[in-house]
Amino acid sequence: MKGYVYLVGAGCGDPELLTLKAIKKIQQADVILYDRLVNQEILSFAREEAQLIYCGKLPHYHTMKQETINNFLVKYAKKGLAVVRLKGGDPFVFGRGGEEALECVKHRVPFEVIPGITAGIGAASYAGIPVTHRQISQSFAFITGHQAGDSVADQKWHHLAHGVDTLCIYMGVSQLPVIVDHLIKSGKNSDTPIAIVEWGTTLKQRTITGNLKSIVKLAEEEAIINPSMIIIGEVVKLRDELNWYIENGSALQKVHSE
């Protein structure tokens, strides 16, 4: 038998956002290596005999190093097994899916990529914020907040402040003061709207909004933590009209129009 690796996007929280193709591969898998932000309900699609391996990562603490994950993918596939690498969001959007795919290529292991809904789109949508709008935003950028203090990345803030209409920043809560400072110093209006969506698309979702000059204090007062998406741009103003979810503490209620 020839093994196979499937790099599967689990979406950004709500298990109903999982694609049909992703469900099919999970159901067929012999081995599933899954991340911390994968909704545990999704693992219920796995066969009872499937081996589940936790590969979760926390800031500054990795349960399993990336090199070890890469080795597991190759090892199990070369045993003739169907291996699913299950990732929150999309494998190729800040998910190291490209690194894992290259490892498969290096060892001549066949692989397939199954996209998932990334938080930059999913969390924004569940907060009632479209990342694009014909009259407001014709461009958006996905950015990682981890590199906000990096000297090379610093050179890009001027372009981000003036050349992109909507910024979607992943993993940026701990760097929020730095991000805001960079944008304002690069000429971004301090009144620019900003939203932070914590635990987007899950029952724990909550959203705060403000502007660049107020958001750091608001985030501190509300004790916002990761995982959170930071969305910056005029589209944030549309949340007042387009907020189709009611967030009420730990309860999240869908609002359906008749």
# chains A, B, ... in the order shown; residues from 1 in each chain; ligands from 1
call {"tool": "residues_around", "arguments": {"residues": "Phe111 of chain A", "least_positions_apart": "4", "cutoff": "10 Å", "atoms": "only C-alpha atoms", "output": "VMD selection string"}}
result
chain A and resid 3 to 7 77 82 to 84 100 to 102 104 to 105
call {"tool": "write_last_selection", "arguments": {"atoms": "all heavy atoms", "output": "short mmCIF file (atom, residue, chain, number, x, y, z; two decimals), in the first residue's frame"}}
result
data_model
loop_
_atom_site.label_atom_id
_atom_site.label_comp_id
_atom_site.auth_asym_id
_atom_site.auth_seq_id
_atom_site.Cartn_x
_atom_site.Cartn_y
_atom_site.Cartn_z
N GLY A 3 1.08 5.10 1.14
CA GLY A 3 0.47 6.04 2.05
C GLY A 3 0.24 7.39 1.40
O GLY A 3 0.74 7.68 0.29
N TYR A 4 -0.51 8.23 2.12
CA TYR A 4 -0.88 9.54 1.59
C TYR A 4 -1.03 10.51 2.74
O TYR A 4 -1.46 10.14 3.83
CB TYR A 4 -2.23 9.41 0.85
CG TYR A 4 -2.32 10.23 -0.41
CD1 TYR A 4 -2.05 9.66 -1.64
CD2 TYR A 4 -2.69 11.57 -0.37
CE1 TYR A 4 -2.15 10.40 -2.82
CE2 TYR A 4 -2.79 12.32 -1.53
CZ TYR A 4 -2.53 11.74 -2.76
OH TYR A 4 -2.61 12.46 -3.91
N VAL A 5 -0.67 11.77 2.51
CA VAL A 5 -0.85 12.81 3.51
C VAL A 5 -1.88 13.81 3.01
O VAL A 5 -1.80 14.28 1.87
CB VAL A 5 0.49 13.54 3.81
CG1 VAL A 5 0.24 14.79 4.64
CG2 VAL A 5 1.46 12.60 4.52
N TYR A 6 -2.84 14.11 3.87
CA TYR A 6 -3.86 15.11 3.55
C TYR A 6 -3.70 16.28 4.52
O TYR A 6 -3.84 16.11 5.73
CB TYR A 6 -5.27 14.52 3.67
CG TYR A 6 -5.51 13.36 2.75
CD1 TYR A 6 -5.29 12.05 3.17
CD2 TYR A 6 -5.93 13.57 1.43
CE1 TYR A 6 -5.50 10.98 2.32
CE2 TYR A 6 -6.14 12.50 0.57
CZ TYR A 6 -5.93 11.21 1.02
OH TYR A 6 -6.12 10.16 0.17
N LEU A 7 -3.40 17.45 3.99
CA LEU A 7 -3.29 18.66 4.80
C LEU A 7 -4.68 19.31 4.79
O LEU A 7 -5.09 19.92 3.81
CB LEU A 7 -2.24 19.60 4.22
CG LEU A 7 -0.84 18.99 4.06
CD1 LEU A 7 0.08 19.97 3.35
CD2 LEU A 7 -0.26 18.59 5.40
N ALA A 77 3.00 7.83 6.59
CA ALA A 77 2.63 7.68 5.18
C ALA A 77 3.45 6.57 4.53
O ALA A 77 2.93 5.80 3.72
CB ALA A 77 2.84 9.00 4.44
N ALA A 82 -3.15 6.31 5.62
CA ALA A 82 -3.75 7.59 5.24
C ALA A 82 -3.60 8.54 6.43
O ALA A 82 -4.16 8.29 7.50
CB ALA A 82 -5.22 7.41 4.89
N VAL A 83 -2.84 9.60 6.23
CA VAL A 83 -2.50 10.52 7.31
C VAL A 83 -3.18 11.87 7.08
O VAL A 83 -3.01 12.48 6.03
CB VAL A 83 -0.97 10.73 7.41
CG1 VAL A 83 -0.63 11.62 8.60
CG2 VAL A 83 -0.24 9.39 7.50
N VAL A 84 -3.95 12.31 8.06
CA VAL A 84 -4.57 13.64 7.99
C VAL A 84 -3.84 14.57 8.95
O VAL A 84 -3.71 14.27 10.14
CB VAL A 84 -6.07 13.58 8.35
CG1 VAL A 84 -6.60 14.99 8.69
CG2 VAL A 84 -6.87 13.00 7.20
N GLU A 100 5.08 21.65 5.55
CA GLU A 100 4.77 20.22 5.62
C GLU A 100 4.62 19.61 4.23
O GLU A 100 5.03 18.47 4.00
CB GLU A 100 3.51 20.02 6.46
CG GLU A 100 3.75 20.39 7.92
CD GLU A 100 2.49 20.55 8.75
OE1 GLU A 100 1.39 20.42 8.19
OE2 GLU A 100 2.61 20.81 9.95
N ALA A 101 4.06 20.38 3.30
CA ALA A 101 3.96 19.90 1.93
C ALA A 101 5.35 19.71 1.31
O ALA A 101 5.61 18.72 0.62
CB ALA A 101 3.14 20.88 1.10
N LEU A 102 6.26 20.66 1.59
CA LEU A 102 7.62 20.54 1.07
C LEU A 102 8.34 19.32 1.65
O LEU A 102 9.14 18.68 0.97
CB LEU A 102 8.41 21.81 1.37
CG LEU A 102 8.05 23.04 0.53
CD1 LEU A 102 8.73 24.29 1.09
CD2 LEU A 102 8.45 22.83 -0.93
N CYS A 104 6.87 16.54 2.43
CA CYS A 104 6.33 15.41 1.67
C CYS A 104 7.02 15.28 0.32
O CYS A 104 7.38 14.18 -0.12
CB CYS A 104 4.82 15.56 1.49
SG CYS A 104 3.85 15.37 3.01
N VAL A 105 7.20 16.42 -0.34
CA VAL A 105 7.88 16.41 -1.64
C VAL A 105 9.31 15.88 -1.50
O VAL A 105 9.77 15.06 -2.30
CB VAL A 105 7.90 17.83 -2.24
CG1 VAL A 105 8.80 17.88 -3.49
CG2 VAL A 105 6.49 18.29 -2.59
#
call {"tool": "select_by_dssp", "arguments": {"residues": "segment 75-121 of chain A", "states": "helix (DSSP H, G or I)", "output": "ChimeraX atom specification"}}
result
/A:75-78,97-106,119-121
call {"tool": "write_last_selection", "arguments": {"atoms": "N, CA and C atoms", "output": "PDB file, in the first residue's frame"}}
result
ATOM      1  N   LYS A  75       6.730   9.364   8.259  1.00  0.00           N
ATOM      2  CA  LYS A  75       6.850   8.013   8.808  1.00  0.00           C
ATOM      3  C   LYS A  75       5.568   7.207   8.612  1.00  0.00           C
ATOM      4  N   TYR A  76       4.448   7.785   8.981  1.00  0.00           N
ATOM      5  CA  TYR A  76       3.182   7.054   8.881  1.00  0.00           C
ATOM      6  C   TYR A  76       2.757   6.849   7.443  1.00  0.00           C
ATOM      7  N   ALA A  77       2.996   7.829   6.594  1.00  0.00           N
ATOM      8  CA  ALA A  77       2.635   7.680   5.184  1.00  0.00           C
ATOM      9  C   ALA A  77       3.445   6.575   4.530  1.00  0.00           C
ATOM     10  N   LYS A  78       4.724   6.466   4.906  1.00  0.00           N
ATOM     11  CA  LYS A  78       5.574   5.427   4.312  1.00  0.00           C
ATOM     12  C   LYS A  78       5.232   4.035   4.824  1.00  0.00           C
ATOM     13  N   GLY A  97       1.450  24.826   6.550  1.00  0.00           N
ATOM     14  CA  GLY A  97       1.129  23.776   5.583  1.00  0.00           C
ATOM     15  C   GLY A  97       2.131  23.713   4.447  1.00  0.00           C
ATOM     16  N   GLY A  98       2.652  24.864   4.049  1.00  0.00           N
ATOM     17  CA  GLY A  98       3.657  24.870   2.991  1.00  0.00           C
ATOM     18  C   GLY A  98       4.910  24.114   3.388  1.00  0.00           C
ATOM     19  N   GLU A  99       5.324  24.266   4.649  1.00  0.00           N
ATOM     20  CA  GLU A  99       6.509  23.552   5.141  1.00  0.00           C
ATOM     21  C   GLU A  99       6.270  22.046   5.133  1.00  0.00           C
ATOM     22  N   GLU A 100       5.080  21.647   5.553  1.00  0.00           N
ATOM     23  CA  GLU A 100       4.772  20.218   5.623  1.00  0.00           C
ATOM     24  C   GLU A 100       4.623  19.608   4.232  1.00  0.00           C
ATOM     25  N   ALA A 101       4.064  20.383   3.303  1.00  0.00           N
ATOM     26  CA  ALA A 101       3.963  19.897   1.931  1.00  0.00           C
ATOM     27  C   ALA A 101       5.352  19.714   1.314  1.00  0.00           C
ATOM     28  N   LEU A 102       6.259  20.662   1.588  1.00  0.00           N
ATOM     29  CA  LEU A 102       7.616  20.540   1.071  1.00  0.00           C
ATOM     30  C   LEU A 102       8.336  19.324   1.648  1.00  0.00           C
ATOM     31  N   GLU A 103       8.037  19.012   2.913  1.00  0.00           N
ATOM     32  CA  GLU A 103       8.629  17.816   3.526  1.00  0.00           C
ATOM     33  C   GLU A 103       8.143  16.560   2.817  1.00  0.00           C
ATOM     34  N   CYS A 104       6.867  16.541   2.430  1.00  0.00           N
ATOM     35  CA  CYS A 104       6.332  15.406   1.674  1.00  0.00           C
ATOM     36  C   CYS A 104       7.016  15.284   0.319  1.00  0.00           C
ATOM     37  N   VAL A 105       7.199  16.418  -0.344  1.00  0.00           N
ATOM     38  CA  VAL A 105       7.877  16.411  -1.643  1.00  0.00           C
ATOM     39  C   VAL A 105       9.308  15.878  -1.497  1.00  0.00           C
ATOM     40  N   LYS A 106       9.973  16.331  -0.445  1.00  0.00           N
ATOM     41  CA  LYS A 106      11.360  15.922  -0.195  1.00  0.00           C
ATOM     42  C   LYS A 106      11.486  14.409  -0.066  1.00  0.00           C
ATOM     43  N   ALA A 119      -9.556  32.267   9.635  1.00  0.00           N
ATOM     44  CA  ALA A 119     -10.170  33.173  10.610  1.00  0.00           C
ATOM     45  C   ALA A 119     -10.297  34.595  10.098  1.00  0.00           C
ATOM     46  N   GLY A 120      -9.382  35.017   9.227  1.00  0.00           N
ATOM     47  CA  GLY A 120      -9.448  36.366   8.698  1.00  0.00           C
ATOM     48  C   GLY A 120     -10.740  36.647   7.964  1.00  0.00           C
ATOM     49  N   ILE A 121     -11.342  35.621   7.402  1.00  0.00           N
ATOM     50  CA  ILE A 121     -12.630  35.748   6.730  1.00  0.00           C
ATOM     51  C   ILE A 121     -13.768  35.277   7.634  1.00  0.00           C
TER      52      ILE A 121
END
call {"tool": "atom_distance", "arguments": {"atom1": "atom CA of Gly13 of chain A", "atom2": "atom CA of Asn39 of chain A"}}
result
5.8 Å
call {"tool": "closest_residue", "arguments": {"among": "A:Ser190, A:Gln66, A:Ser125, A:Ser44", "to": "Arg96 of chain A", "atoms": "only C-alpha atoms"}}
result
A:Gln66
call {"tool": "residues_around", "arguments": {"residues": "segment 130-138 of chain A", "least_positions_apart": "2", "cutoff": "7 Å", "atoms": "only C-alpha atoms", "output": "ChimeraX atom specification"}}
result
/A:121,124-125,128,140,165-166,234-235
call {"tool": "closest_residue", "arguments": {"among": "A:Lys79, A:Lys2, A:Lys237, A:Arg108", "to": "Ala195 of chain A", "atoms": "only C-alpha atoms"}}
result
A:Lys237
call {"tool": "closest_residue", "arguments": {"among": "A:Glu247, A:Ala10, A:Ala50, A:Glu67", "to": "Ala22 of chain A", "atoms": "only C-alpha atoms"}}
result
A:Ala10
call {"tool": "atom_distance", "arguments": {"atom1": "atom CA of Trp199 of chain A", "atom2": "atom CA of Ile224 of chain A"}}
result
9.9 Å
call {"tool": "residues_around", "arguments": {"residues": "Ile26 of chain A", "least_positions_apart": "6", "cutoff": "9 Å", "atoms": "only C-alpha atoms", "output": "PDB file with N, CA and C atoms, in the first residue's frame"}}
result
ATOM      1  N   VAL A   8      -5.387  19.160   5.911  1.00  0.00           N
ATOM      2  CA  VAL A   8      -6.812  19.498   5.952  1.00  0.00           C
ATOM      3  C   VAL A   8      -7.067  20.731   6.816  1.00  0.00           C
ATOM      4  N   ILE A  32      -4.469  10.811  12.570  1.00  0.00           N
ATOM      5  CA  ILE A  32      -4.823  12.227  12.513  1.00  0.00           C
ATOM      6  C   ILE A  32      -3.924  12.991  13.478  1.00  0.00           C
ATOM      7  N   ILE A  42     -15.022  18.001  15.787  1.00  0.00           N
ATOM      8  CA  ILE A  42     -14.608  17.529  14.466  1.00  0.00           C
ATOM      9  C   ILE A  42     -13.950  16.155  14.556  1.00  0.00           C
ATOM     10  N   LEU A  43     -13.278  15.885  15.678  1.00  0.00           N
ATOM     11  CA  LEU A  43     -12.613  14.589  15.837  1.00  0.00           C
ATOM     12  C   LEU A  43     -13.609  13.443  15.949  1.00  0.00           C
ATOM     13  N   PHE A  45     -15.698  12.681  13.862  1.00  0.00           N
ATOM     14  CA  PHE A  45     -15.849  12.075  12.538  1.00  0.00           C
ATOM     15  C   PHE A  45     -14.819  10.964  12.300  1.00  0.00           C
ATOM     16  N   ALA A  46     -13.804  10.895  13.121  1.00  0.00           N
ATOM     17  CA  ALA A  46     -12.744   9.890  12.938  1.00  0.00           C
ATOM     18  C   ALA A  46     -13.239   8.492  13.296  1.00  0.00           C
ATOM     19  N   ARG A  47     -12.674   7.497  12.650  1.00  0.00           N
ATOM     20  CA  ARG A  47     -12.986   6.110  12.986  1.00  0.00           C
ATOM     21  C   ARG A  47     -12.457   5.776  14.378  1.00  0.00           C
ATOM     22  N   VAL A  83      -2.837   9.603   6.232  1.00  0.00           N
ATOM     23  CA  VAL A  83      -2.495  10.518   7.313  1.00  0.00           C
ATOM     24  C   VAL A  83      -3.178  11.869   7.081  1.00  0.00           C
ATOM     25  N   VAL A  84      -3.952  12.314   8.058  1.00  0.00           N
ATOM     26  CA  VAL A  84      -4.567  13.638   7.990  1.00  0.00           C
ATOM     27  C   VAL A  84      -3.843  14.568   8.951  1.00  0.00           C
ATOM     28  N   LEU A  86      -4.559  17.824  10.537  1.00  0.00           N
ATOM     29  CA  LEU A  86      -5.744  18.638  10.739  1.00  0.00           C
ATOM     30  C   LEU A  86      -5.376  19.944  11.427  1.00  0.00           C
TER      31      LEU A  86
END
call {"tool": "residues_around", "arguments": {"residues": "Leu242 of chain A", "least_positions_apart": "3", "cutoff": "9 Å", "atoms": "only C-alpha atoms", "output": "ChimeraX atom specification"}}
result
/A:127-130,238-239,245
call {"tool": "write_last_selection", "arguments": {"atoms": "C-alpha atoms", "output": "short mmCIF file (atom, residue, chain, number, x, y, z; two decimals), in the first residue's frame"}}
result
data_model
loop_
_atom_site.label_atom_id
_atom_site.label_comp_id
_atom_site.auth_asym_id
_atom_site.auth_seq_id
_atom_site.Cartn_x
_atom_site.Cartn_y
_atom_site.Cartn_z
CA ALA A 127 -18.80 39.56 13.61
CA GLY A 128 -20.75 41.18 10.79
CA ILE A 129 -17.69 42.65 9.08
CA PRO A 130 -17.14 42.04 5.34
CA LEU A 238 -20.65 48.04 8.90
CA ARG A 239 -20.83 45.80 11.97
CA TYR A 245 -25.02 37.06 15.56
#
call {"tool": "residues_around", "arguments": {"residues": "Gly116 of chain A", "least_positions_apart": "6", "cutoff": "10 Å", "atoms": "only C-alpha atoms", "output": "list of chain:residue names"}}
result
A:Leu7, A:Val8, A:Gly9, A:Ala10, A:Gly11, A:Cys12, A:Leu17, A:Leu18, A:Thr19, A:Ala22, A:Lys87, A:Gly88, A:Gly89, A:Asp90, A:Pro91, A:Phe92, A:Val93, A:Gly122
call {"tool": "atom_distance", "arguments": {"atom1": "atom CA of Leu203 of chain A", "atom2": "atom CA of Leu218 of chain A"}}
result
21.6 Å
call {"tool": "closest_residue", "arguments": {"among": "A:Pro227, A:Gly172, A:Arg36, A:Pro177", "to": "Ile53 of chain A", "atoms": "only C-alpha atoms"}}
result
A:Arg36
call {"tool": "select_by_dssp", "arguments": {"residues": "segment 4-253 of chain A", "states": "strand (DSSP E)", "output": "MDAnalysis selection string"}}
result
chainID A and resid 4:9 31:34 51:54 57:58 61:62 82:87 111:114 140:144 166:170 193:198 206:211 228:232 245:248 251:253
call {"tool": "closest_residue", "arguments": {"among": "A:Leu183, A:Met229, A:Ile69, A:Ile114", "to": "Lys25 of chain A", "atoms": "only C-alpha atoms"}}
result
A:Ile114
call {"tool": "closest_residue", "arguments": {"among": "A:Thr63, A:Asn243, A:Gln175, A:Thr192", "to": "Thr207 of chain A", "atoms": "only C-alpha atoms"}}
result
A:Asn243
